[in-house]
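Have a look at the structure below, then the notes.
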Amino acid sequence: MMLELGLNQQPAHTRQGSSIGQPLTRRDGFLKVTGTARYAADNHPPGMLYAVLAVSSIARGRVVSLDIEAAKAHSGVVEVMTPLNRPALAVDPDAKDHPFMFRLDLLQNDGVRYPNQSIAVVIAETLEAATEGAALLSPRYETLPARVGLDGGKSFVPRGVGVGNPAVQEKGDVEAGLESARTRIEAAYETPAQYHNAMEPHAIVAAWDGDQLSIDTPSQGLAMAQGRIAGLFGIAPRNVHIRSPFLGGGFGSKGMISGPQVLGILAARLVGRPVKLVLRREQMYGPVGHRAPARQTLRMGMDGEGRLTALSHHARTTSSTFDDFFEPAADASHTLYASPAIATSHDAVRLDTGTPLFMRAPGEATGSIALESAIDEAAHACGMDPLEFRLRNYAEVEPMTGKPFSSKALRECYEQAAEAFGWASRPLQPRRMRDADGFLTGWGMGTATFPALMFQAEARAVLRADGSGLMETGAQDMGQGAWTAFAQIAADGLGLDIDQVDFRAGSSDLPNAGIAGGSGHTATAGMAIHNAGAAVIARLADLATGNEASPLFGAGNEGVLARGGRLYRRDDESRGESYSEILARAGLAEIEGHGKGAPDPASQETYAKHAHGAVFAEVKVDPDLGQIRVTRLVGAFAAGRVINPRLVRSQYYGGMIWGVSFALHEEAVTDRRSGRIQNANLAEYHVPVNADVPSVEALLVHEDDPHVNALGIKGVGEIGITGTAGAVANAVWHATGVRPRRFPIRIEDLLG
Amino acid sequence: MRDFDFIRPATISDAIAAAAGPGSAYLAGGTNLLDLMKGGITSPERIVDITRLPELNRIETLDDGGLRIGALVRNADLAHDPAFAKAYPAVAEALLSGASAQLRNAATVGGNLLQRTRCSYFYDTASACNRREPGSGCSALGGENRLHAILGWSDACIATHPSDFCVPLVALDTVVEIEGKEGRRHVTLEEFHRLPGDTPQRETMLEPGELIVAVRLPAEAASFAAHARYLKVRERTSYAFAVVSAAAALVVDRGKIRGARLALGGVAAKPWRARSAEAALLGADADEASFVRAADAALADASPSGDNAFKIELARRIVVRALMAAKAGTPERMPALPASPFSSIPGVRHDA
């Protein structure tokens, strides 16, 4: 165990014995595979009741009647919560103080604005009684025509897209660039609505004790959830205690507290007993966010050498009728390919759906499949290999802003993935490869990218007289491995072996670890942990170097190394002593330090910070029947320092498989008349099964980034889905000669 | 909690007596019934659990050389029975292409015949569905129907029967053994499922309270063993219903077709026996031209019921491909991906 303090650490893999860089298995793995990890819905406090949502079967209108008496008469039903008796809230659920506050459906009135909106909550002694009580409500509605589809309303230009980006941006003169081009392409691509299907549906167990609220619920952002709940109920945030040790997947759907979770809290308030509320699978299709459908039009011009002269990317997307979230799909064209002129724009229509929200790589994934398809079309129009074309248009600085990249090992990604895949032997023309069984074979590629974001986080570190350490931060493990990766960072930060560190996370009474989202959790909370470790070690070093009895006396902070639970003089490593000895001499049971993680504003201003990758896909297509099979995926990603290569590979695998899903499987089928989603279940809403993914390889490309943060972490949670979806689509084209223009790619698109 | 009676009879006659009243339902594997109950699509007042009836669990060779498969034999057990798979390879392949390994372990032979359509409007109780609620209309018409029927549909219902298992069974002249108050009777599987007509709610020939006790494969069915395949096009490799499927079985003698069986799945409210195609094949050369003619005959009466015209052409091509595969001969071993167009690609366990 060796650790040198200071902000210029060596790359993990060059250091011996550190925890960072080790491919540790999940520390919570045993709990999970033995079923002893306690997820939210596993909690059953004494006296707990079960709440079941009654949800709307219409898309738009209002509830005219509910048979509350029938429900209450059902054996076991304790109460029915409707707009008539729902406990008061301190603020209007339709209030929106800032763009990150999303409107919630909390039975504020009888209105219905999307299918599966909550219209009542039935609370009963058993789940079965509550379920039947909800069915007995037999709602009657006044129904208005549903607004469905990308042309379902009047379009408008949103004030902002994503988290506040301008909807329209332009650099240079796109029309002039297109005019001067030797070769031009224009193409439109449609992507469907996709809905969250985390294994664990949103669940909450809520218990009130006076104005103290105790909650078990999965959350990707404990402090934000705590603040939102406190605001809604008019209590102090410290009165809200949320436990979220494990999430059965989040993917953005658990970033904000959702309406149904708050309804569980309201139900507990109404009946004065603890209440559990778990969404049914089909109830996920509405109130917890989704990826909006999009229609994207790309125009590109190229000169005689295949250099872009102009790139225009327009996205039509949708939001709900009552709130604003606009998938920033066209912004995918800001960062990847050099062009003297780039224009991106968005418009939107409002539909009778739940509000679309964050879903793994929101904007980037949707934009990537269109951009990477269009780049493939452009390369073909220029008669160039798609990799050569991408290298020809390689962005040495961020195209939209002109900022230098903090680091960018995309060339290495291209090289390593292409080599591993065997790309060099790819024929330029489509429909040229058949395998021994006669299947059309195609190879396609896509570039992956995702911004290296950081938010705000805090951590608290403690060193104890027994030589052990404690690190606390309210971090969230969605399955990505936070329990393990953060413990690794904590161990190095404290100069201890990982088994000597007690790592606590997943609870709102710990320091605010920010949000597990935007692929920024490891960087943000990791930096807080790192800095907390440095702070407590500095205090320890002060104790030692300032005490004449210590062999470290006079060494000064800069001259001290921490490793294996001991401090050493930098100039003479034979002189050192253990943490225990230092604390014992000082008569202290423990000392603590605090650290923060946050983006550095100066480097934000100076550098463009992104992770990059390249994904290569092989597909086989039955030439007569149109069925597609992805037979190989090879990705190479450069995302700064890798804390745990095993977990990082898993993130890439998961993202890449979702890319396959995007290209070939996922679609919420919405009835064009009623607006109801027709396949709101895991049998009919297809995601890949194991047999769909025979071979996936993810290469970790070394990248040192001195600017993103002291640990050099960029984040890996979302990048895998970008690039991959386009690579699959491009491989389908290369196999068949048919250019996919709508997704998922269907058999009928390839029957010819 | 919605109360219902739960009865676990010890004998077939007790079961039939218990299920005589209206609102009764037999429970076997429960892979479809329980979902229907949870979704409020059906709400039986009395569940008659037949899973403990021992005599329904057997696979027996009959004196006439036929095979009798008890209604409670699990899909997985049947598919993995080596003798069965050898004699009726297309049936085993169809079974292994259906659902997931977990569902195949639970689902039964009788239940497979009686599974309900997967039409989303049937499951969506806020939609009109003549099958679920006679006279309410059909929301699938004019709705999201790219996977709906192309054969035998009516304006009252355009749903399909989702079974894979039934497709080779109907091709092989399977007979359904039914027991009721009046005793035992036999109905061919081809007659067993009804087309919707004006009464889509009447899905089978079963009278209320009747119980499927077995299905019988006639002796002749095994004569196709050397040239029998099931082919299923679907939108993911496993755990997906057929967009269109076909079972093809041939007897080929010196290049001439001496026996031909063909049935389609995913195209109609019943497993679709293509007798006109079989007639076109008999005596013809076992070559692609004959298979194309057979495919044209099989789909001659097809028409789109919505956004599903592609299924007609797809079905034609699947028929040709299935017949080509049957002609090429039953593979020595069960393919890694049973019934898949990609079944020649190794590397994935068939129960993946």
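Here, A, B, ... name the chains of the structure tokens in the order displayed, residue numbers run from 1 inside each chain, and ligands are numbered from 1 in the same displayed order.
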### Query
Taking only C-alpha atoms into account, which residues of chain A are within 6 Å of chain B, as a list of chain:residue names?
A:Glu128, A:Ala129, A:Glu132, A:Asp671, A:Gln678, A:Ala691, A:Asp692, A:Glu748
For the selection you just gave me, I'd like the residues written to a file as a compact mmCIF listing (two decimals), in the first residue's frame, keeping N, CA and C atoms.
```
# COMPACT_ATOMS: atom_id res chain seq x y z
N GLU A 128 -52.61 -7.46 -1.83
CA GLU A 128 -53.72 -7.97 -2.63
C GLU A 128 -54.97 -7.11 -2.43
N ALA A 129 -55.23 -6.75 -1.18
CA ALA A 129 -56.42 -5.94 -0.92
C ALA A 129 -56.28 -4.56 -1.56
N GLU A 132 -56.83 -4.92 -5.33
CA GLU A 132 -58.24 -5.08 -5.70
C GLU A 132 -59.01 -3.79 -5.42
N ASP A 671 -50.55 3.60 -28.91
CA ASP A 671 -51.74 3.58 -29.75
C ASP A 671 -51.99 4.98 -30.32
N GLN A 678 -48.89 0.32 -25.58
CA GLN A 678 -49.46 -1.00 -25.76
C GLN A 678 -48.54 -2.13 -25.32
N ALA A 691 -28.91 -14.18 -25.46
CA ALA A 691 -28.64 -14.78 -26.76
C ALA A 691 -28.50 -13.74 -27.87
N ASP A 692 -28.91 -12.52 -27.60
CA ASP A 692 -28.76 -11.46 -28.60
C ASP A 692 -27.36 -10.85 -28.60
N GLU A 748 -39.42 -5.62 -41.60
CA GLU A 748 -40.04 -5.13 -42.83
C GLU A 748 -39.18 -4.10 -43.54
```
#### Entry: For Arg26 of chain A: contacts at 12 Å, only C-alpha atoms, fewer than 2 positions along chain excluded, given as a PyMOL selection string
chain A and resi 22-24+28-33+477+479-488+644-648+650
For the interface of segment 302-375 of chain A with segment 88-99 of chain A (cut-off 9 Å, counting only C-alpha atoms), please tabulate each contacting residue of segment 302-375 of chain A alongside its nearest pair of atoms and their separation in Å to one decimal, rows sorted by chain and increasing number, as JSON lines.
```
{"residue": "A:Phe322", "atom": "CA", "partner": "A:Asp94", "partner_atom": "CA", "distance": 8.5}
{"residue": "A:Asp323", "atom": "CA", "partner": "A:Asp94", "partner_atom": "CA", "distance": 8.9}
{"residue": "A:Asp324", "atom": "CA", "partner": "A:Pro99", "partner_atom": "CA", "distance": 8.1}
{"residue": "A:Phe325", "atom": "CA", "partner": "A:Pro99", "partner_atom": "CA", "distance": 8.8}
```
Give me a file of those residues, with C-alpha atoms, as a PDB file, in the first residue's frame.
```pdb
ATOM      1  CA  PHE A 322     -47.191  20.544 -18.659  1.00  0.00           C
ATOM      2  CA  ASP A 323     -43.443  20.596 -18.267  1.00  0.00           C
ATOM      3  CA  ASP A 324     -40.246  21.202 -20.123  1.00  0.00           C
ATOM      4  CA  PHE A 325     -37.621  18.654 -20.848  1.00  0.00           C
TER       5      PHE A 325
END
```
#### Entry: Distance query segment 177-183 of chain A at most 12 Å, only C-alpha atoms, self and fewer than 6 positions along chain excluded, as a ChimeraX atom specification
/A:171,298-312,339-343,377-383
### Task
Write out as a ChimeraX atom specification which residues come within 6 Å of Ile158 of chain B when counting only C-alpha atoms, dropping same-chain ones fewer than 3 positions away.
/B:148-149,153
Those same residues, written as a CSV table (one decimal), in the first residue's frame with N, CA and C atoms?
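Produced file out_30.csv, reproduced below:
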```
chain,number,residue,atom,x,y,z
B,148,HIS,N,-50.3,-8.5,-36.4
B,148,HIS,CA,-51.6,-9.2,-36.3
B,148,HIS,C,-51.8,-10.1,-37.5
B,149,ALA,N,-53.0,-10.7,-37.6
B,149,ALA,CA,-53.3,-11.8,-38.5
B,149,ALA,C,-53.3,-11.4,-40.0
B,153,TRP,N,-58.8,-13.9,-40.5
B,153,TRP,CA,-59.3,-12.9,-39.6
B,153,TRP,C,-60.6,-12.3,-40.0
```
### Query
If you run DSSP on the backbone, which residues of segment 145-347 of chain B are strand (DSSP E or B), as JSON, numbers by chain?
{"B": [154, 157, 175, 176, 177, 178, 179, 180, 183, 184, 185, 186, 187, 188, 193, 204, 211, 212, 213, 214, 215, 216, 217, 228, 229, 230, 231, 232, 233, 244, 245, 246, 247, 248, 249, 250, 251, 252, 253, 256, 257, 258, 259, 260, 261, 262, 263, 264, 265, 272, 273, 285]}
### Query
Of the candidates B:Ser223, B:Gln201, B:Asn32, B:Thr11, which one gets nearest to Gly111 of chain B if we count only C-alpha atoms?
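So, comparing all the options, the nearest one is B:Asn32.
The space separating atom CA of Glu45 of chain B from atom CA of Asp3 of chain B comes to 7.4 Å.
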### Task
Considering only C-alpha atoms, return as an NGL selection string whatever protein or nucleic-acid residues lie within 10 Å of segment 537-547 of chain A, sequence-local ones (same chain, fewer than 3 positions apart) excluded.
:A and (5 or 461-463 or 493-495 or 531-534 or 550-562 or 567-569 or 576-577 or 579 or 581-583 or 585-586 or 590-593)
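Computed from the coordinates, the atom CA of Asp67 of chain A to atom CA of Leu33 of chain B distance equals 27.2 Å.
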